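Asks: This one is protein_18.pdb, PDB, C-alpha atoms.
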```
ATOM      1  CA  MET F   1     -39.771 -20.001  31.981  1.00  0.00           C
ATOM      2  CA  LYS F   2     -37.879 -23.173  32.894  1.00  0.00           C
ATOM      3  CA  ILE F   3     -39.636 -26.406  31.897  1.00  0.00           C
ATOM      4  CA  ILE F   4     -38.617 -29.638  33.597  1.00  0.00           C
ATOM      5  CA  CYS F   5     -39.625 -32.453  31.247  1.00  0.00           C
ATOM      6  CA  LEU F   6     -39.981 -35.819  32.946  1.00  0.00           C
ATOM      7  CA  VAL F   7     -39.427 -38.927  30.881  1.00  0.00           C
ATOM      8  CA  GLY F   8     -39.336 -42.552  31.947  1.00  0.00           C
ATOM      9  CA  MET F   9     -40.931 -45.897  31.463  1.00  0.00           C
ATOM     10  CA  PRO F  10     -44.222 -46.719  33.218  1.00  0.00           C
ATOM     11  CA  GLY F  11     -43.760 -47.356  36.928  1.00  0.00           C
ATOM     12  CA  ALA F  12     -40.429 -45.537  37.211  1.00  0.00           C
ATOM     13  CA  GLY F  13     -41.879 -43.009  39.640  1.00  0.00           C
ATOM     14  CA  LYS F  14     -42.716 -39.906  37.609  1.00  0.00           C
ATOM     15  CA  GLY F  15     -45.932 -39.458  39.603  1.00  0.00           C
ATOM     16  CA  GLU F  16     -43.988 -39.463  42.863  1.00  0.00           C
ATOM     17  CA  VAL F  17     -41.588 -36.900  41.415  1.00  0.00           C
ATOM     18  CA  ASN F  18     -44.630 -34.750  40.522  1.00  0.00           C
ATOM     19  CA  LYS F  19     -45.744 -34.815  44.164  1.00  0.00           C
ATOM     20  CA  ILE F  20     -42.273 -33.770  45.318  1.00  0.00           C
ATOM     21  CA  LEU F  21     -42.125 -30.938  42.785  1.00  0.00           C
ATOM     22  CA  GLU F  22     -45.593 -29.740  43.741  1.00  0.00           C
ATOM     23  CA  SER F  23     -44.487 -29.676  47.389  1.00  0.00           C
ATOM     24  CA  GLU F  24     -41.745 -27.301  46.188  1.00  0.00           C
ATOM     25  CA  ASN F  25     -44.447 -25.102  44.565  1.00  0.00           C
ATOM     26  CA  ILE F  26     -43.629 -26.226  41.040  1.00  0.00           C
ATOM     27  CA  PRO F  27     -46.816 -26.711  39.011  1.00  0.00           C
ATOM     28  CA  THR F  28     -47.100 -29.952  37.047  1.00  0.00           C
ATOM     29  CA  VAL F  29     -48.849 -30.689  33.770  1.00  0.00           C
ATOM     30  CA  VAL F  30     -49.303 -34.353  32.850  1.00  0.00           C
ATOM     31  CA  MET F  31     -49.098 -35.206  29.145  1.00  0.00           C
ATOM     32  CA  SER F  32     -51.233 -38.332  29.473  1.00  0.00           C
ATOM     33  CA  PHE F  33     -54.210 -36.237  30.619  1.00  0.00           C
ATOM     34  CA  VAL F  34     -54.578 -35.128  26.986  1.00  0.00           C
ATOM     35  CA  VAL F  35     -54.845 -38.783  25.971  1.00  0.00           C
ATOM     36  CA  ARG F  36     -57.224 -39.600  28.841  1.00  0.00           C
ATOM     37  CA  ASP F  37     -59.481 -36.741  27.750  1.00  0.00           C
ATOM     38  CA  GLU F  38     -59.466 -38.077  24.192  1.00  0.00           C
ATOM     39  CA  VAL F  39     -60.319 -41.606  25.386  1.00  0.00           C
ATOM     40  CA  LYS F  40     -63.243 -40.136  27.312  1.00  0.00           C
ATOM     41  CA  LYS F  41     -64.399 -38.113  24.260  1.00  0.00           C
ATOM     42  CA  ARG F  42     -64.392 -41.307  22.201  1.00  0.00           C
ATOM     43  CA  GLY F  43     -66.526 -43.070  24.814  1.00  0.00           C
ATOM     44  CA  LEU F  44     -63.897 -45.710  25.519  1.00  0.00           C
ATOM     45  CA  GLU F  45     -63.006 -47.367  28.799  1.00  0.00           C
ATOM     46  CA  PRO F  46     -59.760 -45.859  30.187  1.00  0.00           C
ATOM     47  CA  ASN F  47     -57.836 -49.150  30.239  1.00  0.00           C
ATOM     48  CA  ILE F  48     -54.222 -49.710  29.230  1.00  0.00           C
ATOM     49  CA  LYS F  49     -54.972 -50.840  25.667  1.00  0.00           C
ATOM     50  CA  ASN F  50     -57.381 -47.985  24.878  1.00  0.00           C
ATOM     51  CA  LEU F  51     -55.092 -45.350  26.372  1.00  0.00           C
ATOM     52  CA  ASP F  52     -52.047 -46.574  24.489  1.00  0.00           C
ATOM     53  CA  ASN F  53     -53.946 -47.122  21.224  1.00  0.00           C
ATOM     54  CA  VAL F  54     -55.484 -43.641  21.375  1.00  0.00           C
ATOM     55  CA  ALA F  55     -52.040 -42.141  22.127  1.00  0.00           C
ATOM     56  CA  VAL F  56     -50.685 -43.798  18.984  1.00  0.00           C
ATOM     57  CA  ASP F  57     -53.769 -42.861  16.940  1.00  0.00           C
ATOM     58  CA  LEU F  58     -53.628 -39.185  17.956  1.00  0.00           C
ATOM     59  CA  ARG F  59     -50.003 -38.981  16.876  1.00  0.00           C
ATOM     60  CA  LYS F  60     -50.701 -40.759  13.576  1.00  0.00           C
ATOM     61  CA  GLN F  61     -53.630 -38.429  12.830  1.00  0.00           C
ATOM     62  CA  PHE F  62     -52.193 -35.102  13.944  1.00  0.00           C
ATOM     63  CA  GLY F  63     -48.430 -35.586  14.178  1.00  0.00           C
ATOM     64  CA  LYS F  64     -45.991 -36.783  16.808  1.00  0.00           C
ATOM     65  CA  ASP F  65     -46.110 -33.411  18.558  1.00  0.00           C
ATOM     66  CA  VAL F  66     -49.920 -33.132  18.932  1.00  0.00           C
ATOM     67  CA  VAL F  67     -49.983 -33.802  22.681  1.00  0.00           C
ATOM     68  CA  ALA F  68     -47.149 -31.345  23.316  1.00  0.00           C
ATOM     69  CA  LYS F  69     -48.905 -28.647  21.287  1.00  0.00           C
ATOM     70  CA  ARG F  70     -51.970 -29.000  23.500  1.00  0.00           C
ATOM     71  CA  ILE F  71     -49.860 -29.063  26.664  1.00  0.00           C
ATOM     72  CA  ALA F  72     -47.764 -26.072  25.532  1.00  0.00           C
ATOM     73  CA  GLU F  73     -50.887 -23.930  25.390  1.00  0.00           C
ATOM     74  CA  LYS F  74     -51.674 -24.910  28.968  1.00  0.00           C
ATOM     75  CA  VAL F  75     -48.082 -24.295  30.128  1.00  0.00           C
ATOM     76  CA  LYS F  76     -48.172 -20.762  28.672  1.00  0.00           C
ATOM     77  CA  THR F  77     -51.050 -19.895  31.020  1.00  0.00           C
ATOM     78  CA  ILE F  78     -49.226 -20.975  34.191  1.00  0.00           C
ATOM     79  CA  ASN F  79     -47.848 -18.130  36.264  1.00  0.00           C
ATOM     80  CA  SER F  80     -44.587 -19.683  37.456  1.00  0.00           C
ATOM     81  CA  ASN F  81     -40.877 -19.485  36.662  1.00  0.00           C
ATOM     82  CA  VAL F  82     -40.640 -23.282  36.670  1.00  0.00           C
ATOM     83  CA  VAL F  83     -43.163 -25.828  35.376  1.00  0.00           C
ATOM     84  CA  CYS F  84     -42.937 -29.606  35.205  1.00  0.00           C
ATOM     85  CA  VAL F  85     -44.246 -31.438  32.146  1.00  0.00           C
ATOM     86  CA  ASP F  86     -44.656 -35.100  33.025  1.00  0.00           C
ATOM     87  CA  GLY F  87     -44.584 -37.861  30.436  1.00  0.00           C
ATOM     88  CA  VAL F  88     -42.771 -36.545  27.381  1.00  0.00           C
ATOM     89  CA  ARG F  89     -42.735 -39.323  24.790  1.00  0.00           C
ATOM     90  CA  ASN F  90     -40.678 -38.135  21.811  1.00  0.00           C
ATOM     91  CA  ILE F  91     -38.160 -35.632  20.473  1.00  0.00           C
ATOM     92  CA  GLU F  92     -40.850 -33.749  18.553  1.00  0.00           C
ATOM     93  CA  GLU F  93     -42.616 -32.994  21.841  1.00  0.00           C
ATOM     94  CA  ILE F  94     -39.363 -31.674  23.305  1.00  0.00           C
ATOM     95  CA  ASP F  95     -38.976 -29.404  20.260  1.00  0.00           C
ATOM     96  CA  ILE F  96     -42.454 -27.909  20.840  1.00  0.00           C
ATOM     97  CA  LEU F  97     -41.763 -27.312  24.533  1.00  0.00           C
ATOM     98  CA  LYS F  98     -38.441 -25.624  23.706  1.00  0.00           C
ATOM     99  CA  LYS F  99     -40.479 -22.952  21.912  1.00  0.00           C
ATOM    100  CA  VAL F 100     -42.238 -22.201  25.221  1.00  0.00           C
ATOM    101  CA  GLY F 101     -39.318 -22.199  27.637  1.00  0.00           C
ATOM    102  CA  ASP F 102     -35.877 -23.409  28.682  1.00  0.00           C
ATOM    103  CA  VAL F 103     -36.181 -27.220  28.721  1.00  0.00           C
ATOM    104  CA  THR F 104     -34.353 -29.548  31.087  1.00  0.00           C
ATOM    105  CA  ILE F 105     -35.008 -33.243  30.428  1.00  0.00           C
ATOM    106  CA  VAL F 106     -35.015 -35.467  33.508  1.00  0.00           C
ATOM    107  CA  CYS F 107     -35.190 -39.241  33.134  1.00  0.00           C
ATOM    108  CA  ILE F 108     -36.713 -41.142  36.035  1.00  0.00           C
ATOM    109  CA  ASP F 109     -35.577 -44.755  35.933  1.00  0.00           C
ATOM    110  CA  ALA F 110     -36.057 -47.902  37.984  1.00  0.00           C
ATOM    111  CA  PRO F 111     -35.334 -51.596  37.441  1.00  0.00           C
ATOM    112  CA  GLU F 112     -37.916 -53.395  35.294  1.00  0.00           C
ATOM    113  CA  LYS F 113     -39.007 -55.819  38.019  1.00  0.00           C
ATOM    114  CA  MET F 114     -39.553 -52.954  40.467  1.00  0.00           C
ATOM    115  CA  ARG F 115     -41.569 -50.989  37.887  1.00  0.00           C
ATOM    116  CA  PHE F 116     -43.818 -53.978  37.181  1.00  0.00           C
ATOM    117  CA  GLU F 117     -44.404 -54.534  40.905  1.00  0.00           C
ATOM    118  CA  ARG F 118     -45.250 -50.861  41.441  1.00  0.00           C
ATOM    119  CA  LEU F 119     -47.767 -50.860  38.604  1.00  0.00           C
ATOM    120  CA  SER F 120     -49.302 -54.128  39.784  1.00  0.00           C
ATOM    121  CA  LYS F 121     -49.813 -52.686  43.278  1.00  0.00           C
ATOM    122  CA  ARG F 122     -51.079 -49.307  42.054  1.00  0.00           C
ATOM    123  CA  GLY F 123     -54.101 -50.953  40.470  1.00  0.00           C
ATOM    124  CA  GLU F 124     -55.308 -48.127  38.213  1.00  0.00           C
ATOM    125  CA  SER F 125     -57.348 -49.113  35.148  1.00  0.00           C
ATOM    126  CA  ARG F 126     -54.413 -48.154  32.933  1.00  0.00           C
ATOM    127  CA  ASP F 127     -51.984 -50.448  34.769  1.00  0.00           C
ATOM    128  CA  PRO F 128     -51.002 -53.849  33.366  1.00  0.00           C
ATOM    129  CA  LYS F 129     -52.729 -56.885  34.836  1.00  0.00           C
ATOM    130  CA  ASN F 130     -49.863 -59.255  33.987  1.00  0.00           C
ATOM    131  CA  LEU F 131     -46.292 -59.347  32.703  1.00  0.00           C
ATOM    132  CA  GLY F 132     -47.497 -59.695  29.098  1.00  0.00           C
ATOM    133  CA  GLU F 133     -49.472 -56.448  29.292  1.00  0.00           C
ATOM    134  CA  PHE F 134     -46.497 -54.764  30.979  1.00  0.00           C
ATOM    135  CA  LYS F 135     -44.156 -55.800  28.136  1.00  0.00           C
ATOM    136  CA  TRP F 136     -46.759 -54.748  25.530  1.00  0.00           C
ATOM    137  CA  ARG F 137     -47.022 -51.300  27.135  1.00  0.00           C
ATOM    138  CA  GLU F 138     -43.239 -50.939  27.247  1.00  0.00           C
ATOM    139  CA  GLN F 139     -43.037 -51.651  23.519  1.00  0.00           C
ATOM    140  CA  LYS F 140     -45.793 -49.105  22.820  1.00  0.00           C
ATOM    141  CA  GLN F 141     -43.832 -46.468  24.763  1.00  0.00           C
ATOM    142  CA  ILE F 142     -40.642 -47.279  22.871  1.00  0.00           C
ATOM    143  CA  GLY F 143     -42.626 -47.096  19.621  1.00  0.00           C
ATOM    144  CA  LEU F 144     -43.625 -43.548  20.548  1.00  0.00           C
ATOM    145  CA  GLY F 145     -39.949 -42.583  20.977  1.00  0.00           C
ATOM    146  CA  VAL F 146     -39.475 -42.597  24.760  1.00  0.00           C
ATOM    147  CA  ASP F 147     -36.138 -44.385  24.402  1.00  0.00           C
ATOM    148  CA  ARG F 148     -34.742 -41.539  22.271  1.00  0.00           C
ATOM    149  CA  VAL F 149     -35.771 -38.899  24.839  1.00  0.00           C
ATOM    150  CA  ILE F 150     -34.239 -40.999  27.621  1.00  0.00           C
ATOM    151  CA  GLU F 151     -30.960 -41.073  25.649  1.00  0.00           C
ATOM    152  CA  ILE F 152     -30.753 -37.268  25.492  1.00  0.00           C
ATOM    153  CA  ALA F 153     -31.865 -36.574  29.065  1.00  0.00           C
ATOM    154  CA  ASP F 154     -29.891 -33.898  30.864  1.00  0.00           C
ATOM    155  CA  TYR F 155     -30.258 -35.769  34.172  1.00  0.00           C
ATOM    156  CA  LYS F 156     -30.990 -39.368  35.108  1.00  0.00           C
ATOM    157  CA  ILE F 157     -32.438 -40.206  38.501  1.00  0.00           C
ATOM    158  CA  VAL F 158     -32.596 -43.845  39.540  1.00  0.00           C
ATOM    159  CA  ASN F 159     -35.625 -44.435  41.743  1.00  0.00           C
ATOM    160  CA  ASP F 160     -34.770 -47.777  43.316  1.00  0.00           C
ATOM    161  CA  ASP F 161     -34.932 -46.971  47.018  1.00  0.00           C
ATOM    162  CA  SER F 162     -37.299 -45.178  49.410  1.00  0.00           C
ATOM    163  CA  LEU F 163     -39.476 -42.132  48.769  1.00  0.00           C
ATOM    164  CA  GLU F 164     -37.181 -40.218  51.118  1.00  0.00           C
ATOM    165  CA  ASP F 165     -34.205 -41.122  48.918  1.00  0.00           C
ATOM    166  CA  LEU F 166     -36.106 -40.004  45.810  1.00  0.00           C
ATOM    167  CA  GLU F 167     -36.983 -36.709  47.505  1.00  0.00           C
ATOM    168  CA  LYS F 168     -33.305 -36.080  48.320  1.00  0.00           C
ATOM    169  CA  LYS F 169     -32.356 -36.753  44.700  1.00  0.00           C
ATOM    170  CA  ILE F 170     -35.049 -34.387  43.403  1.00  0.00           C
ATOM    171  CA  LYS F 171     -34.046 -31.611  45.816  1.00  0.00           C
ATOM    172  CA  LYS F 172     -30.434 -32.011  44.691  1.00  0.00           C
ATOM    173  CA  LEU F 173     -31.604 -31.829  41.072  1.00  0.00           C
ATOM    174  CA  LEU F 174     -33.492 -28.604  41.810  1.00  0.00           C
ATOM    175  CA  ALA F 175     -30.355 -27.132  43.368  1.00  0.00           C
ATOM    176  CA  ASP F 176     -28.278 -28.250  40.360  1.00  0.00           C
ATOM    177  CA  ILE F 177     -30.625 -26.551  37.881  1.00  0.00           C
ATOM    178  CA  GLY F 178     -30.729 -23.403  39.972  1.00  0.00           C
ATOM    179  CA  HIS F 179     -34.242 -23.579  41.379  1.00  0.00           C
ATOM    180  CA  VAL F 180     -33.378 -23.557  45.078  1.00  0.00           C
TER     181      VAL F 180
END
```
With the file now loaded, output its structure as structure tokens.
Replies:
Amino acid sequence: MKIICLVGMPGAGKGEVNKILESENIPTVVMSFVVRDEVKKRGLEPNIKNLDNVAVDLRKQFGKDVVAKRIAEKVKTINSNVVCVDGVRNIEEIDILKKVGDVTIVCIDAPEKMRFERLSKRGESRDPKNLGEFKWREQKQIGLGVDRVIEIADYKIVNDDSLEDLEKKIKKLLADIGHV
């Protein structure tokens, strides 16, 4: 099984890439759903601070690879030659996923100002309400190890134009990795 691991800072466009991959019949598993489920179990509001604090707490309690271990079990049940795992946060998670399949790391990137604007417009409870919250969230992500995964990415896609442009880049990526 080929596993496409998406990594990128909040607002870069990983969710849009998921939609494109799903339109190509590639199932997607989102790492943050594990954290959202844990927030819900703890009876907390799913806001940016609770989500990020629980993500850190889970990793402190059970190890940096805890989310990937839970996701890996889900990935094993998917009947597909290619699966996308969205939101890898650290090298330890990559190591777990490599035990399940052939991993290709894809970094989705966008300029900081554009990412902040996207998150501000999206308006989900987990999105920052101001620039201070945005910067705080960025630091939390870096603290989890996102920057190290970005450094070792096999591919980097800059999402700084239209959705059509992003779709072209993703389809080219799929051709490059031998999916199409």
Asks: List as a PyMOL selection string the residues having at least one atom at most 7 Å from position (-42.8, -33.1, 31.5) as given in the file, counting all atoms listed in the file.
Replies: chain F and resi 4-7+29-30+84-88
Asks: Given the choices F:Ile91, F:Ala12, F:Leu21, F:Leu97, which gets closest to F:Glu151 if the distance is worked out from only C-alpha atoms?
Replies: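 The closest residue to F:Glu151 is F:Ile91.
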Asks: Residues of stretch 60-101 of chain F within 12 Å of stretch 135-147 of chain F: nearest atom pair and distance (Å, one decimal) for each, counting all atoms listed in the file, sorted by chain and number, as CSV?
Replies:
```
residue,atom,partner,partner_atom,distance
F:Lys60,CA,F:Leu144,CA,10.3
F:Gly63,CA,F:Leu144,CA,11.3
F:Lys64,CA,F:Leu144,CA,8.1
F:Asp65,CA,F:Leu144,CA,10.6
F:Val67,CA,F:Leu144,CA,11.8
F:Gly87,CA,F:Val146,CA,9.0
F:Val88,CA,F:Val146,CA,7.4
F:Arg89,CA,F:Val146,CA,4.6
F:Asn90,CA,F:Gly145,CA,4.6
F:Ile91,CA,F:Gly145,CA,7.2
F:Glu92,CA,F:Gly145,CA,9.2
F:Glu93,CA,F:Gly145,CA,10.0
F:Ile94,CA,F:Val146,CA,11.0
```
Asks: Show me, as a list of chain:residue names, the residues that have an atom within 9 Å of F:Lys129 when counting all atoms listed in the file, minus same-chain residues fewer than 6 positions from it.
Replies: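 Non-adjacent residues within range: F:Leu119, F:Ser120, F:Gly123.
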Asks: Counting only C-alpha atoms, which of F:Glu45, F:Asp176, F:Glu167, F:Asp52 gets nearest to F:Asp154?
Replies: F:Asp176
Asks: Taking only C-alpha atoms into account, name the residue in F:Val106, F:Ile48, F:Phe134, F:Lys99 that is nearest to F:Lys169.
Replies: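 Looking at the shortest contact to F:Lys169, the residue is F:Val106.
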Asks: Apply the PyMOL selection byres ((chain F and resi 3) around 9) to the displayed file and report the matching residues as an mmCIF file with C-alpha atoms, in the coordinates of the input.
Replies:
```cif
data_model
loop_
_atom_site.group_PDB
_atom_site.id
_atom_site.type_symbol
_atom_site.label_atom_id
_atom_site.label_comp_id
_atom_site.auth_asym_id
_atom_site.auth_seq_id
_atom_site.Cartn_x
_atom_site.Cartn_y
_atom_site.Cartn_z
ATOM 1 C CA MET F 1 -39.771 -20.001 31.981
ATOM 2 C CA LYS F 2 -37.879 -23.173 32.894
ATOM 3 C CA ILE F 4 -38.617 -29.638 33.597
ATOM 4 C CA CYS F 5 -39.625 -32.453 31.247
ATOM 5 C CA VAL F 75 -48.082 -24.295 30.128
ATOM 6 C CA ASN F 81 -40.877 -19.485 36.662
ATOM 7 C CA VAL F 82 -40.640 -23.282 36.670
ATOM 8 C CA VAL F 83 -43.163 -25.828 35.376
ATOM 9 C CA CYS F 84 -42.937 -29.606 35.205
ATOM 10 C CA VAL F 85 -44.246 -31.438 32.146
ATOM 11 C CA LEU F 97 -41.763 -27.312 24.533
ATOM 12 C CA LYS F 98 -38.441 -25.624 23.706
ATOM 13 C CA VAL F 100 -42.238 -22.201 25.221
ATOM 14 C CA GLY F 101 -39.318 -22.199 27.637
ATOM 15 C CA ASP F 102 -35.877 -23.409 28.682
ATOM 16 C CA VAL F 103 -36.181 -27.220 28.721
ATOM 17 C CA THR F 104 -34.353 -29.548 31.087
ATOM 18 C CA ILE F 105 -35.008 -33.243 30.428
#
```
Asks: Quick check, in Å to one decimal: how far apart do atom CA of F:Glu73 and atom CA of F:Ile26 lie?
Replies: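 That distance, rounded to one decimal, is 17.4 Å.
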Asks: Would you compute the distance between atom CA of F:Ile170 and atom CA of F:Asn25? Give it in Å to one decimal.
Replies: 13.3 Å
Asks: From the list F:Arg59, F:Arg122, F:Arg115, F:Arg42, which residue is nearest F:Gly13 when using only C-alpha atoms?
Replies: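 Nearest candidate to F:Gly13 out of F:Arg59, F:Arg122, F:Arg115, F:Arg42: F:Arg115.
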Asks: Reconstruct N, CA and C atoms of stretch 155-180 of chain F; output as a JSON list (two decimals), keeping the file's coordinate frame.
Replies:
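This is the output file result.json:
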```
[["chain", "number", "residue", "atom", "x", "y", "z"],
["F", 155, "TYR", "N", -30.47, -35.14, 32.87],
["F", 155, "TYR", "CA", -30.26, -35.77, 34.17],
["F", 155, "TYR", "C", -30.96, -37.12, 34.19],
["F", 156, "LYS", "N", -30.36, -38.06, 34.91],
["F", 156, "LYS", "CA", -30.99, -39.37, 35.11],
["F", 156, "LYS", "C", -31.05, -39.64, 36.61],
["F", 157, "ILE", "N", -32.25, -39.90, 37.08],
["F", 157, "ILE", "CA", -32.44, -40.21, 38.50],
["F", 157, "ILE", "C", -32.95, -41.64, 38.61],
["F", 158, "VAL", "N", -32.20, -42.45, 39.33],
["F", 158, "VAL", "CA", -32.60, -43.84, 39.54],
["F", 158, "VAL", "C", -33.44, -43.91, 40.81],
["F", 159, "ASN", "N", -34.66, -44.35, 40.65],
["F", 159, "ASN", "CA", -35.62, -44.44, 41.74],
["F", 159, "ASN", "C", -35.76, -45.90, 42.16],
["F", 160, "ASP", "N", -34.78, -46.36, 42.92],
["F", 160, "ASP", "CA", -34.77, -47.78, 43.32],
["F", 160, "ASP", "C", -34.67, -47.96, 44.83],
["F", 161, "ASP", "N", -35.02, -46.91, 45.57],
["F", 161, "ASP", "CA", -34.93, -46.97, 47.02],
["F", 161, "ASP", "C", -36.21, -46.39, 47.61],
["F", 162, "SER", "N", -36.13, -45.72, 48.71],
["F", 162, "SER", "CA", -37.30, -45.18, 49.41],
["F", 162, "SER", "C", -37.77, -43.86, 48.79],
["F", 163, "LEU", "N", -38.96, -43.44, 49.19],
["F", 163, "LEU", "CA", -39.48, -42.13, 48.77],
["F", 163, "LEU", "C", -38.61, -41.02, 49.32],
["F", 164, "GLU", "N", -38.06, -41.21, 50.52],
["F", 164, "GLU", "CA", -37.18, -40.22, 51.12],
["F", 164, "GLU", "C", -35.92, -40.05, 50.27],
["F", 165, "ASP", "N", -35.38, -41.16, 49.78],
["F", 165, "ASP", "CA", -34.20, -41.12, 48.92],
["F", 165, "ASP", "C", -34.53, -40.38, 47.62],
["F", 166, "LEU", "N", -35.69, -40.68, 47.04],
["F", 166, "LEU", "CA", -36.11, -40.00, 45.81],
["F", 166, "LEU", "C", -36.23, -38.50, 46.05],
["F", 167, "GLU", "N", -36.81, -38.12, 47.18],
["F", 167, "GLU", "CA", -36.98, -36.71, 47.50],
["F", 167, "GLU", "C", -35.62, -36.01, 47.61],
["F", 168, "LYS", "N", -34.65, -36.65, 48.22],
["F", 168, "LYS", "CA", -33.30, -36.08, 48.32],
["F", 168, "LYS", "C", -32.71, -35.86, 46.92],
["F", 169, "LYS", "N", -32.89, -36.86, 46.07],
["F", 169, "LYS", "CA", -32.36, -36.75, 44.70],
["F", 169, "LYS", "C", -33.03, -35.61, 43.93],
["F", 170, "ILE", "N", -34.33, -35.45, 44.11],
["F", 170, "ILE", "CA", -35.05, -34.39, 43.40],
["F", 170, "ILE", "C", -34.64, -33.01, 43.94],
["F", 171, "LYS", "N", -34.47, -32.90, 45.24],
["F", 171, "LYS", "CA", -34.05, -31.61, 45.82],
["F", 171, "LYS", "C", -32.63, -31.25, 45.35],
["F", 172, "LYS", "N", -31.78, -32.26, 45.22],
["F", 172, "LYS", "CA", -30.43, -32.01, 44.69],
["F", 172, "LYS", "C", -30.52, -31.56, 43.24],
["F", 173, "LEU", "N", -31.39, -32.22, 42.47],
["F", 173, "LEU", "CA", -31.60, -31.83, 41.07],
["F", 173, "LEU", "C", -32.05, -30.37, 40.99],
["F", 174, "LEU", "N", -33.00, -29.98, 41.82],
["F", 174, "LEU", "CA", -33.49, -28.60, 41.81],
["F", 174, "LEU", "C", -32.37, -27.62, 42.13],
["F", 175, "ALA", "N", -31.51, -27.98, 43.05],
["F", 175, "ALA", "CA", -30.36, -27.13, 43.37],
["F", 175, "ALA", "C", -29.40, -27.05, 42.17],
["F", 176, "ASP", "N", -29.18, -28.20, 41.52],
["F", 176, "ASP", "CA", -28.28, -28.25, 40.36],
["F", 176, "ASP", "C", -28.77, -27.38, 39.19],
["F", 177, "ILE", "N", -30.10, -27.33, 39.01],
["F", 177, "ILE", "CA", -30.62, -26.55, 37.88],
["F", 177, "ILE", "C", -30.93, -25.11, 38.28],
["F", 178, "GLY", "N", -30.60, -24.78, 39.54],
["F", 178, "GLY", "CA", -30.73, -23.40, 39.97],
["F", 178, "GLY", "C", -32.10, -22.98, 40.45],
["F", 179, "HIS", "N", -32.90, -23.94, 40.89],
["F", 179, "HIS", "CA", -34.24, -23.58, 41.38],
["F", 179, "HIS", "C", -34.23, -23.18, 42.85],
["F", 180, "VAL", "N", -33.35, -23.80, 43.63],
["F", 180, "VAL", "CA", -33.38, -23.56, 45.08],
["F", 180, "VAL", "C", -32.36, -22.48, 45.45]]
```
